[in-house]
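Written out below as structure tokens is the structure these notes cover.
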Amino acid sequence: MTTFAFRGRRLGAGTAVAAVILSLAACGGGGDSNAKGKGGAGGPGKGPTTVGYVVVQPTQAAMVTELAARTNAYESSDVRPQVNGIIRRRFFTEGSLVKRGEPLYEIDPRLYRAAVNEAQANLQSARANQEAQRVQAERYKPLAAIQAVSQQEYTNAVATARQATASVAQTSAALETARINLKFTTVPAPISGRIGRSLFTVGALVSASQTDPLAQIQRLDPMFVDIQQSAADMLALRRSLSQNGIVPTRAQVRLTLEDGSDYGQTGSVEFSEALVNTETGTVTLRASIPNPQGLLLPGMFVRAKFAQAINQRAFLVPQEALSRDAKGNATVMLVGPNNKTVQKSVTASRTQGRYWVVTSGLNPGDKIITQGLNNLKPNAQVKAVPANSPQVVKPPQGKDAQQGNAQSKAG
């Protein structure tokens, strides 16, 4: 029979095996004790698990939406000629800022100046004829009264005088038209903004009926942001308004640029179109946002984040307190009656900072467990303390104190 020696004593094989098993069991028990002491899971004779909780109350939570959008100029205008002619001069620098009414082009004015002179001469002739016809009608009046001339001749004279007066009005209008056309030979800026490249050079023939503009001016501060939202989402939002504590709000818009950076400036939604795009099934919401540095350009794709409504009965739950099962259902652990845990299903579809926004499943005053959730099961006995409470370390007493003093003296 094989034997083992321990401290000078010879033991039988059975006795030795038993000793080894007891030794391993003792080591395993010590490890479990340390783990339970650190993790606070509790065990026989160790008391309930200590957990930290927060008390939740309903609060206001903005219903934030992030959608694709595209920038558009706040104002845009084509520079177009209103008369025909040859461009003689260009007064602006391409890409510069121009002010409304500032001259941009000059079209050859000679023909239009001559038309003004002709209209002035026609007006003078008409006025002279008017005066002659008026005098003749006045002379015929007493003669017709004494029947020196026939009544018909007097009537004709009065009508001719009136025609002469109308001719004066016609020539006056023609003169005004000629002056306006002469003024149009100087092409002004229709709006203030940044002008693009000139599509026509000096010496080019332009006409009032041409399709291409001379140039284009865009006002870039502020900028419009056209946001596309699906008609289904907008319908759901409108149905939820005035229900379950959801109220509308004036949306403040923040933009994320194409490189992923935050634009920095904030704007507001001005209106939403009362029309659904039949091709995309979306509704356009238009926002206005400052652009003092000119960073935004027309046609840029951006992401717009804004709040369309506020839920006044939402609960903000720390993210570490909420878990999801394999199907994606959200649950939280509560401190229930008699300090026993209760698992509850909640609705949480979005986050706000470090919190989940819970819209259903909770009641005011619920104690949500946020600390000590490892291996915590429903209906477990716990010792509940407010989250982040400092740990109270008591000095050793009784036998533990005597053992500690003896060890310190031995050391």
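Residues are referred to by chain and number: the chain letter is A, B, ... according to the order shown in the structure tokens, the number counts from 1 in that chain, and ligands are numbered separately from 1 in the order shown.
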Note to self: Report as an MDAnalysis selection string all protein, DNA and RNA residues lying within 12 Å of Ile180 in chain A, evaluated on only C-alpha atoms, omitting residues in the same chain fewer than 2 positions from it.
What the structure shows: chainID A and resid 82:83 109 112:113 115:116 173:178 182:187
Print the selection's residues with N, CA and C atoms to a file, as a CSV table (one decimal), in the first residue's frame.
chain,number,residue,atom,x,y,z
A,82,GLN,N,-33.2,93.9,-69.8
A,82,GLN,CA,-34.6,94.2,-70.1
A,82,GLN,C,-34.7,95.0,-71.4
A,83,VAL,N,-33.5,95.2,-72.1
A,83,VAL,CA,-33.5,95.8,-73.4
A,83,VAL,C,-32.5,95.1,-74.3
A,109,PRO,N,-26.2,102.7,-75.0
A,109,PRO,CA,-27.4,103.5,-74.8
A,109,PRO,C,-27.8,104.4,-75.9
A,112,TYR,N,-31.2,104.2,-77.5
A,112,TYR,CA,-32.3,104.5,-76.6
A,112,TYR,C,-32.3,106.0,-76.2
A,113,ARG,N,-31.1,106.6,-76.3
A,113,ARG,CA,-31.1,108.1,-76.0
A,113,ARG,C,-31.7,108.8,-77.2
A,115,ALA,N,-34.1,107.6,-79.0
A,115,ALA,CA,-35.5,107.4,-78.9
A,115,ALA,C,-36.1,108.4,-77.9
A,116,VAL,N,-35.4,108.7,-76.9
A,116,VAL,CA,-35.9,109.7,-75.9
A,116,VAL,C,-36.0,111.0,-76.6
A,173,ALA,N,-46.6,109.4,-72.7
A,173,ALA,CA,-46.3,108.0,-72.3
A,173,ALA,C,-45.2,107.4,-73.1
A,174,ALA,N,-45.1,107.8,-74.4
A,174,ALA,CA,-44.0,107.3,-75.3
A,174,ALA,C,-42.7,107.8,-74.8
A,175,LEU,N,-42.7,109.1,-74.3
A,175,LEU,CA,-41.5,109.6,-73.8
A,175,LEU,C,-41.0,108.9,-72.5
A,176,GLU,N,-42.0,108.6,-71.6
A,176,GLU,CA,-41.7,107.9,-70.4
A,176,GLU,C,-41.1,106.5,-70.7
A,177,THR,N,-41.7,105.9,-71.7
A,177,THR,CA,-41.2,104.5,-72.1
A,177,THR,C,-39.8,104.6,-72.6
A,178,ALA,N,-39.5,105.6,-73.4
A,178,ALA,CA,-38.2,105.8,-73.9
A,178,ALA,C,-37.2,106.1,-72.8
A,182,LEU,N,-34.1,103.7,-71.7
A,182,LEU,CA,-32.7,104.3,-71.6
A,182,LEU,C,-32.1,103.9,-70.2
A,183,LYS,N,-32.9,104.0,-69.2
A,183,LYS,CA,-32.5,103.7,-67.9
A,183,LYS,C,-32.1,102.2,-67.8
A,184,PHE,N,-32.8,101.3,-68.5
A,184,PHE,CA,-32.5,99.9,-68.5
A,184,PHE,C,-31.2,99.6,-69.2
A,185,THR,N,-30.6,100.5,-69.9
A,185,THR,CA,-29.3,100.2,-70.5
A,185,THR,C,-28.2,100.1,-69.4
A,186,THR,N,-28.5,100.5,-68.2
A,186,THR,CA,-27.7,100.2,-67.0
A,186,THR,C,-28.3,99.2,-66.2
A,187,VAL,N,-27.7,98.0,-66.2
A,187,VAL,CA,-28.3,96.8,-65.5
A,187,VAL,C,-27.9,96.8,-64.0
Item checked: Picked from range 156-334 of chain A by DSSP as strand (DSSP E), as number ranges by chain -> A: 186-188, 193-195, 205-206, 215-230, 246-248, 252-256, 262-272, 282-289, 301-318, 322-324, 330-334
Next item on the list: Going by DSSP on the backbone, which bits of range 122-318 of chain A are helix (DSSP H, G or I)? Write them as a ChimeraX atom specification, please.
Entry: /A:122-145,151-184,231-240
Show me, as a compact mmCIF listing (two decimals) with all heavy atoms, in the first residue's frame, the residues that have an atom within 10 Å of range 199-201 of chain A when counting only C-alpha atoms, minus same-chain residues fewer than 3 positions from it.
# COMPACT_ATOMS: atom_id res chain seq x y z
N ILE A 86 -25.69 95.79 -77.18
CA ILE A 86 -24.32 95.29 -76.99
C ILE A 86 -23.82 95.72 -75.61
O ILE A 86 -23.99 96.88 -75.22
CB ILE A 86 -23.37 95.84 -78.08
CG1 ILE A 86 -23.89 95.47 -79.48
CG2 ILE A 86 -21.96 95.31 -77.88
CD1 ILE A 86 -23.88 93.99 -79.76
N ILE A 87 -23.25 94.78 -74.86
CA ILE A 87 -22.67 95.12 -73.56
C ILE A 87 -21.41 95.95 -73.79
O ILE A 87 -20.48 95.52 -74.48
CB ILE A 87 -22.33 93.85 -72.76
CG1 ILE A 87 -23.61 93.08 -72.42
CG2 ILE A 87 -21.58 94.21 -71.47
CD1 ILE A 87 -23.37 91.80 -71.65
N ARG A 88 -21.38 97.15 -73.22
CA ARG A 88 -20.22 98.03 -73.37
C ARG A 88 -19.26 97.94 -72.20
O ARG A 88 -18.04 97.97 -72.39
CB ARG A 88 -20.69 99.49 -73.53
CG ARG A 88 -21.45 99.76 -74.81
CD ARG A 88 -21.82 101.23 -74.91
NE ARG A 88 -20.63 102.09 -74.94
CZ ARG A 88 -20.68 103.43 -74.95
NH1 ARG A 88 -21.86 104.04 -74.93
NH2 ARG A 88 -19.57 104.13 -74.98
N ARG A 89 -19.81 97.78 -70.97
CA ARG A 89 -18.93 97.73 -69.79
C ARG A 89 -19.50 96.80 -68.73
O ARG A 89 -20.72 96.56 -68.68
CB ARG A 89 -18.77 99.14 -69.19
CG ARG A 89 -17.88 100.06 -69.99
CD ARG A 89 -17.61 101.35 -69.23
NE ARG A 89 -18.82 102.18 -69.11
CZ ARG A 89 -18.87 103.31 -68.41
NH1 ARG A 89 -17.79 103.74 -67.77
NH2 ARG A 89 -19.98 104.01 -68.38
N ARG A 90 -18.60 96.27 -67.89
CA ARG A 90 -18.99 95.49 -66.71
C ARG A 90 -18.37 96.18 -65.50
O ARG A 90 -17.16 96.46 -65.49
CB ARG A 90 -18.48 94.05 -66.83
CG ARG A 90 -19.07 93.13 -65.79
CD ARG A 90 -18.40 91.76 -65.83
NE ARG A 90 -17.10 91.80 -65.19
CZ ARG A 90 -16.21 90.82 -65.23
NH1 ARG A 90 -16.47 89.73 -65.92
NH2 ARG A 90 -15.06 90.93 -64.62
N TYR A 105 -23.83 96.16 -65.31
CA TYR A 105 -23.49 96.20 -66.74
C TYR A 105 -24.02 97.50 -67.35
O TYR A 105 -24.96 98.11 -66.85
CB TYR A 105 -24.12 95.03 -67.50
CG TYR A 105 -23.65 93.65 -67.09
CD1 TYR A 105 -24.33 92.93 -66.10
CD2 TYR A 105 -22.56 93.05 -67.71
CE1 TYR A 105 -23.92 91.67 -65.74
CE2 TYR A 105 -22.14 91.77 -67.35
CZ TYR A 105 -22.83 91.08 -66.36
OH TYR A 105 -22.43 89.83 -66.00
N GLY A 196 -22.05 85.73 -58.77
CA GLY A 196 -21.22 84.68 -59.35
C GLY A 196 -20.47 85.17 -60.58
O GLY A 196 -20.26 86.37 -60.78
N ALA A 204 -20.73 91.35 -76.06
CA ALA A 204 -21.74 90.35 -76.38
C ALA A 204 -23.08 91.03 -76.63
O ALA A 204 -23.42 92.03 -76.00
CB ALA A 204 -21.86 89.35 -75.25
N LEU A 205 -23.85 90.44 -77.56
CA LEU A 205 -25.19 90.94 -77.85
C LEU A 205 -26.18 90.25 -76.93
O LEU A 205 -26.23 89.02 -76.85
CB LEU A 205 -25.57 90.67 -79.32
CG LEU A 205 -27.00 91.02 -79.73
CD1 LEU A 205 -27.23 92.52 -79.61
CD2 LEU A 205 -27.29 90.52 -81.14
N VAL A 206 -26.98 91.03 -76.22
CA VAL A 206 -27.96 90.47 -75.30
C VAL A 206 -29.33 91.00 -75.69
O VAL A 206 -29.47 92.03 -76.37
CB VAL A 206 -27.65 90.85 -73.83
CG1 VAL A 206 -26.32 90.24 -73.40
CG2 VAL A 206 -27.62 92.37 -73.65
N ASP A 212 -30.69 82.70 -70.95
CA ASP A 212 -29.56 82.69 -70.01
C ASP A 212 -29.44 84.04 -69.31
O ASP A 212 -29.50 85.09 -69.95
CB ASP A 212 -28.25 82.38 -70.73
CG ASP A 212 -28.24 80.98 -71.31
OD1 ASP A 212 -28.88 80.10 -70.71
OD2 ASP A 212 -27.58 80.76 -72.35
N PRO A 213 -29.22 84.05 -68.00
CA PRO A 213 -29.00 85.31 -67.29
C PRO A 213 -27.59 85.83 -67.52
O PRO A 213 -26.69 85.08 -67.93
CB PRO A 213 -29.22 84.93 -65.83
CG PRO A 213 -28.81 83.49 -65.75
CD PRO A 213 -29.21 82.89 -67.06
N LEU A 214 -27.40 87.10 -67.26
CA LEU A 214 -26.05 87.67 -67.34
C LEU A 214 -25.18 87.16 -66.20
O LEU A 214 -23.99 86.88 -66.37
CB LEU A 214 -26.12 89.20 -67.31
CG LEU A 214 -26.96 89.87 -68.40
CD1 LEU A 214 -26.94 91.38 -68.23
CD2 LEU A 214 -26.46 89.47 -69.79
N ALA A 215 -25.76 87.03 -65.02
CA ALA A 215 -25.06 86.53 -63.83
C ALA A 215 -26.14 86.17 -62.80
O ALA A 215 -27.34 86.38 -63.04
CB ALA A 215 -24.09 87.57 -63.28
N GLN A 216 -25.70 85.65 -61.66
CA GLN A 216 -26.64 85.28 -60.61
C GLN A 216 -26.12 85.80 -59.27
O GLN A 216 -24.92 85.71 -58.97
CB GLN A 216 -26.82 83.77 -60.53
CG GLN A 216 -27.94 83.33 -59.60
CD GLN A 216 -28.14 81.84 -59.59
OE1 GLN A 216 -27.20 81.09 -59.34
NE2 GLN A 216 -29.37 81.39 -59.86
Would you tabulate, counting only C-alpha atoms, all residues of range 311-371 of chain A that have an atom at most 6 Å from an atom of range 46-63 of chain A, showing the closest pair of atoms and their distance in Å to one decimal, sorted by chain then ascending number, as a tab-separated table?
residue	atom	partner	partner_atom	distance
A:Asn311	CA	A:Ala61	CA	5.3
A:Gln312	CA	A:Gln60	CA	4.2
A:Arg313	CA	A:Pro58	CA	4.9
A:Ala314	CA	A:Pro58	CA	5.2
A:Phe315	CA	A:Pro58	CA	5.0
A:Pro364	CA	A:Gln57	CA	4.8
A:Gly365	CA	A:Val56	CA	5.5
A:Asp366	CA	A:Val55	CA	5.6
A:Lys367	CA	A:Val55	CA	4.6
A:Ile368	CA	A:Tyr53	CA	5.2
A:Ile369	CA	A:Tyr53	CA	4.1
A:Thr370	CA	A:Tyr53	CA	5.4
A:Gln371	CA	A:Gly52	CA	4.6
Item checked: Nearby residues (only C-alpha atoms) at most 6 Å from Val357 in chain A, same-chain spacing under 2 positions excluded, as number ranges by chain -> A: 315-316, 348, 350-351
Go ahead and save the residues from that selection, with all heavy atoms, as a tab-separated table (two decimals), in the first residue's frame.
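result28.tsv, written as the output of this step:
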chain	number	residue	atom	x	y	z
A	315	PHE	N	-39.70	59.87	-18.47
A	315	PHE	CA	-38.78	59.57	-17.37
A	315	PHE	C	-37.38	59.44	-17.95
A	315	PHE	O	-37.18	58.78	-18.98
A	315	PHE	CB	-39.17	58.27	-16.66
A	315	PHE	CG	-40.49	58.33	-15.96
A	315	PHE	CD1	-41.68	58.02	-16.63
A	315	PHE	CD2	-40.58	58.69	-14.61
A	315	PHE	CE1	-42.90	58.07	-15.99
A	315	PHE	CE2	-41.80	58.75	-13.97
A	315	PHE	CZ	-42.96	58.44	-14.65
A	316	LEU	N	-36.41	60.07	-17.30
A	316	LEU	CA	-35.01	59.96	-17.70
A	316	LEU	C	-34.34	58.93	-16.82
A	316	LEU	O	-34.19	59.14	-15.61
A	316	LEU	CB	-34.31	61.32	-17.61
A	316	LEU	CG	-34.88	62.43	-18.50
A	316	LEU	CD1	-34.09	63.71	-18.33
A	316	LEU	CD2	-34.88	62.00	-19.96
A	348	ALA	N	-38.43	52.48	-24.34
A	348	ALA	CA	-37.34	53.46	-24.44
A	348	ALA	C	-36.76	53.37	-25.84
A	348	ALA	O	-36.01	52.45	-26.16
A	348	ALA	CB	-36.27	53.18	-23.39
A	350	ARG	N	-35.20	56.11	-27.50
A	350	ARG	CA	-34.15	57.08	-27.79
A	350	ARG	C	-33.44	57.50	-26.52
A	350	ARG	O	-33.92	57.24	-25.40
A	350	ARG	CB	-34.73	58.31	-28.50
A	350	ARG	CG	-35.82	59.00	-27.71
A	350	ARG	CD	-36.56	60.03	-28.54
A	350	ARG	NE	-37.67	60.62	-27.82
A	350	ARG	CZ	-37.56	61.69	-27.04
A	350	ARG	NH1	-36.39	62.27	-26.90
A	350	ARG	NH2	-38.60	62.17	-26.41
A	351	THR	N	-32.30	58.12	-26.71
A	351	THR	CA	-31.51	58.60	-25.58
A	351	THR	C	-31.47	60.12	-25.58
A	351	THR	O	-31.70	60.77	-26.60
A	351	THR	CB	-30.08	58.04	-25.65
A	351	THR	OG1	-29.47	58.49	-26.88
A	351	THR	CG2	-30.06	56.53	-25.59
Notebook entry, point to check: Expressed in Å to a single decimal, how great is the separation between CA of Glu153 in chain A and CA of Gln124 in chain A?
Noted result: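 Taking CA of Glu153 in chain A and CA of Gln124 in chain A, their separation equals 26.6 Å.
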Item checked: Distance criterion (only C-alpha atoms): nearest to Ala304 in chain A out of A:Asp325, A:Asn277, A:Arg254, A:Val79 -> A:Arg254
Polymer residues at most 12 Å from Asp262 in chain A, only C-alpha atoms, same-chain spacing of 3 or more positions, as a PDB file with all heavy atoms, in the first residue's frame:
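As a result, out.pdb now contains:
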ATOM      1  N   VAL A 253     -32.776  74.187 -34.490  1.00  0.00           N
ATOM      2  CA  VAL A 253     -32.100  73.282 -35.404  1.00  0.00           C
ATOM      3  C   VAL A 253     -30.586  73.404 -35.238  1.00  0.00           C
ATOM      4  O   VAL A 253     -30.040  74.507 -35.181  1.00  0.00           O
ATOM      5  CB  VAL A 253     -32.484  73.584 -36.863  1.00  0.00           C
ATOM      6  CG1 VAL A 253     -31.787  72.629 -37.822  1.00  0.00           C
ATOM      7  CG2 VAL A 253     -33.994  73.495 -37.033  1.00  0.00           C
ATOM      8  N   ARG A 254     -29.927  72.236 -35.157  1.00  0.00           N
ATOM      9  CA  ARG A 254     -28.469  72.155 -35.187  1.00  0.00           C
ATOM     10  C   ARG A 254     -28.080  71.319 -36.394  1.00  0.00           C
ATOM     11  O   ARG A 254     -28.750  70.341 -36.726  1.00  0.00           O
ATOM     12  CB  ARG A 254     -27.893  71.537 -33.910  1.00  0.00           C
ATOM     13  CG  ARG A 254     -28.193  72.338 -32.654  1.00  0.00           C
ATOM     14  CD  ARG A 254     -27.372  71.821 -31.486  1.00  0.00           C
ATOM     15  NE  ARG A 254     -25.967  72.092 -31.687  1.00  0.00           N
ATOM     16  CZ  ARG A 254     -25.357  73.213 -31.291  1.00  0.00           C
ATOM     17  NH1 ARG A 254     -26.046  74.158 -30.676  1.00  0.00           N
ATOM     18  NH2 ARG A 254     -24.068  73.389 -31.504  1.00  0.00           N
ATOM     19  N   LEU A 255     -26.978  71.704 -37.037  1.00  0.00           N
ATOM     20  CA  LEU A 255     -26.554  71.042 -38.255  1.00  0.00           C
ATOM     21  C   LEU A 255     -25.264  70.263 -38.040  1.00  0.00           C
ATOM     22  O   LEU A 255     -24.363  70.701 -37.315  1.00  0.00           O
ATOM     23  CB  LEU A 255     -26.332  72.064 -39.372  1.00  0.00           C
ATOM     24  CG  LEU A 255     -27.534  72.901 -39.815  1.00  0.00           C
ATOM     25  CD1 LEU A 255     -27.145  73.786 -40.988  1.00  0.00           C
ATOM     26  CD2 LEU A 255     -28.709  72.029 -40.184  1.00  0.00           C
ATOM     27  N   THR A 256     -25.194  69.104 -38.688  1.00  0.00           N
ATOM     28  CA  THR A 256     -23.960  68.323 -38.780  1.00  0.00           C
ATOM     29  C   THR A 256     -23.527  68.352 -40.229  1.00  0.00           C
ATOM     30  O   THR A 256     -24.288  67.969 -41.130  1.00  0.00           O
ATOM     31  CB  THR A 256     -24.184  66.877 -38.317  1.00  0.00           C
ATOM     32  OG1 THR A 256     -24.658  66.885 -36.964  1.00  0.00           O
ATOM     33  CG2 THR A 256     -22.890  66.089 -38.388  1.00  0.00           C
ATOM     34  N   LEU A 257     -22.292  68.820 -40.473  1.00  0.00           N
ATOM     35  CA  LEU A 257     -21.807  68.975 -41.835  1.00  0.00           C
ATOM     36  C   LEU A 257     -21.390  67.637 -42.422  1.00  0.00           C
ATOM     37  O   LEU A 257     -21.366  66.612 -41.746  1.00  0.00           O
ATOM     38  CB  LEU A 257     -20.640  69.968 -41.855  1.00  0.00           C
ATOM     39  CG  LEU A 257     -20.951  71.355 -41.264  1.00  0.00           C
ATOM     40  CD1 LEU A 257     -19.737  72.249 -41.355  1.00  0.00           C
ATOM     41  CD2 LEU A 257     -22.135  71.988 -41.979  1.00  0.00           C
ATOM     42  N   GLU A 258     -21.038  67.656 -43.703  1.00  0.00           N
ATOM     43  CA  GLU A 258     -20.713  66.426 -44.408  1.00  0.00           C
ATOM     44  C   GLU A 258     -19.477  65.741 -43.841  1.00  0.00           C
ATOM     45  O   GLU A 258     -19.339  64.525 -43.959  1.00  0.00           O
ATOM     46  CB  GLU A 258     -20.511  66.719 -45.902  1.00  0.00           C
ATOM     47  CG  GLU A 258     -21.807  67.068 -46.639  1.00  0.00           C
ATOM     48  CD  GLU A 258     -21.585  67.293 -48.121  1.00  0.00           C
ATOM     49  OE1 GLU A 258     -21.038  68.340 -48.471  1.00  0.00           O
ATOM     50  OE2 GLU A 258     -21.939  66.419 -48.918  1.00  0.00           O
ATOM     51  N   ASP A 259     -18.576  66.500 -43.216  1.00  0.00           N
ATOM     52  CA  ASP A 259     -17.378  65.878 -42.634  1.00  0.00           C
ATOM     53  C   ASP A 259     -17.616  65.375 -41.217  1.00  0.00           C
ATOM     54  O   ASP A 259     -16.684  64.934 -40.544  1.00  0.00           O
ATOM     55  CB  ASP A 259     -16.209  66.871 -42.643  1.00  0.00           C
ATOM     56  CG  ASP A 259     -16.516  68.145 -41.850  1.00  0.00           C
ATOM     57  OD1 ASP A 259     -17.647  68.259 -41.321  1.00  0.00           O
ATOM     58  OD2 ASP A 259     -15.630  69.008 -41.749  1.00  0.00           O
ATOM     59  N   GLN A 265     -23.630  77.069 -35.261  1.00  0.00           N
ATOM     60  CA  GLN A 265     -24.768  77.981 -35.184  1.00  0.00           C
ATOM     61  C   GLN A 265     -26.078  77.190 -35.085  1.00  0.00           C
ATOM     62  O   GLN A 265     -26.165  76.053 -35.539  1.00  0.00           O
ATOM     63  CB  GLN A 265     -24.809  78.878 -36.423  1.00  0.00           C
ATOM     64  CG  GLN A 265     -23.591  79.764 -36.592  1.00  0.00           C
ATOM     65  CD  GLN A 265     -23.642  80.993 -35.716  1.00  0.00           C
ATOM     66  OE1 GLN A 265     -24.665  81.301 -35.100  1.00  0.00           O
ATOM     67  NE2 GLN A 265     -22.546  81.725 -35.647  1.00  0.00           N
ATOM     68  N   THR A 266     -27.070  77.798 -34.474  1.00  0.00           N
ATOM     69  CA  THR A 266     -28.394  77.182 -34.372  1.00  0.00           C
ATOM     70  C   THR A 266     -29.411  78.051 -35.090  1.00  0.00           C
ATOM     71  O   THR A 266     -29.267  79.276 -35.151  1.00  0.00           O
ATOM     72  CB  THR A 266     -28.827  76.992 -32.913  1.00  0.00           C
ATOM     73  OG1 THR A 266     -28.867  78.274 -32.258  1.00  0.00           O
ATOM     74  CG2 THR A 266     -27.861  76.071 -32.175  1.00  0.00           C
ATOM     75  N   LEU A 295     -19.751  79.818 -44.306  1.00  0.00           N
ATOM     76  CA  LEU A 295     -19.317  78.417 -44.361  1.00  0.00           C
ATOM     77  C   LEU A 295     -20.299  77.558 -45.141  1.00  0.00           C
ATOM     78  O   LEU A 295     -19.908  76.633 -45.858  1.00  0.00           O
ATOM     79  CB  LEU A 295     -19.144  77.874 -42.935  1.00  0.00           C
ATOM     80  CG  LEU A 295     -18.572  76.467 -42.792  1.00  0.00           C
ATOM     81  CD1 LEU A 295     -17.168  76.416 -43.385  1.00  0.00           C
ATOM     82  CD2 LEU A 295     -18.550  76.049 -41.323  1.00  0.00           C
ATOM     83  N   VAL A 302     -26.495  68.211 -45.486  1.00  0.00           N
ATOM     84  CA  VAL A 302     -26.225  68.279 -44.047  1.00  0.00           C
ATOM     85  C   VAL A 302     -27.211  67.373 -43.323  1.00  0.00           C
ATOM     86  O   VAL A 302     -28.173  66.869 -43.918  1.00  0.00           O
ATOM     87  CB  VAL A 302     -26.339  69.733 -43.522  1.00  0.00           C
ATOM     88  CG1 VAL A 302     -25.273  70.619 -44.119  1.00  0.00           C
ATOM     89  CG2 VAL A 302     -27.737  70.303 -43.816  1.00  0.00           C
ATOM     90  N   ARG A 303     -26.963  67.171 -42.029  1.00  0.00           N
ATOM     91  CA  ARG A 303     -27.893  66.471 -41.148  1.00  0.00           C
ATOM     92  C   ARG A 303     -28.443  67.496 -40.170  1.00  0.00           C
ATOM     93  O   ARG A 303     -27.685  68.218 -39.514  1.00  0.00           O
ATOM     94  CB  ARG A 303     -27.196  65.349 -40.393  1.00  0.00           C
ATOM     95  CG  ARG A 303     -26.604  64.268 -41.267  1.00  0.00           C
ATOM     96  CD  ARG A 303     -27.640  63.354 -41.868  1.00  0.00           C
ATOM     97  NE  ARG A 303     -28.393  62.630 -40.850  1.00  0.00           N
ATOM     98  CZ  ARG A 303     -29.380  61.785 -41.136  1.00  0.00           C
ATOM     99  NH1 ARG A 303     -29.732  61.573 -42.395  1.00  0.00           N
ATOM    100  NH2 ARG A 303     -30.022  61.155 -40.178  1.00  0.00           N
ATOM    101  N   ALA A 304     -29.761  67.580 -40.092  1.00  0.00           N
ATOM    102  CA  ALA A 304     -30.424  68.549 -39.214  1.00  0.00           C
ATOM    103  C   ALA A 304     -31.009  67.824 -38.010  1.00  0.00           C
ATOM    104  O   ALA A 304     -31.746  66.851 -38.163  1.00  0.00           O
ATOM    105  CB  ALA A 304     -31.521  69.294 -39.971  1.00  0.00           C
ATOM    106  N   LYS A 305     -30.655  68.293 -36.816  1.00  0.00           N
ATOM    107  CA  LYS A 305     -31.177  67.715 -35.580  1.00  0.00           C
ATOM    108  C   LYS A 305     -32.021  68.780 -34.887  1.00  0.00           C
ATOM    109  O   LYS A 305     -31.550  69.894 -34.639  1.00  0.00           O
ATOM    110  CB  LYS A 305     -30.036  67.270 -34.676  1.00  0.00           C
ATOM    111  CG  LYS A 305     -30.486  66.577 -33.391  1.00  0.00           C
ATOM    112  CD  LYS A 305     -29.290  66.212 -32.517  1.00  0.00           C
ATOM    113  CE  LYS A 305     -28.458  65.137 -33.159  1.00  0.00           C
ATOM    114  NZ  LYS A 305     -27.375  64.683 -32.258  1.00  0.00           N
TER     115      LYS A 305
END
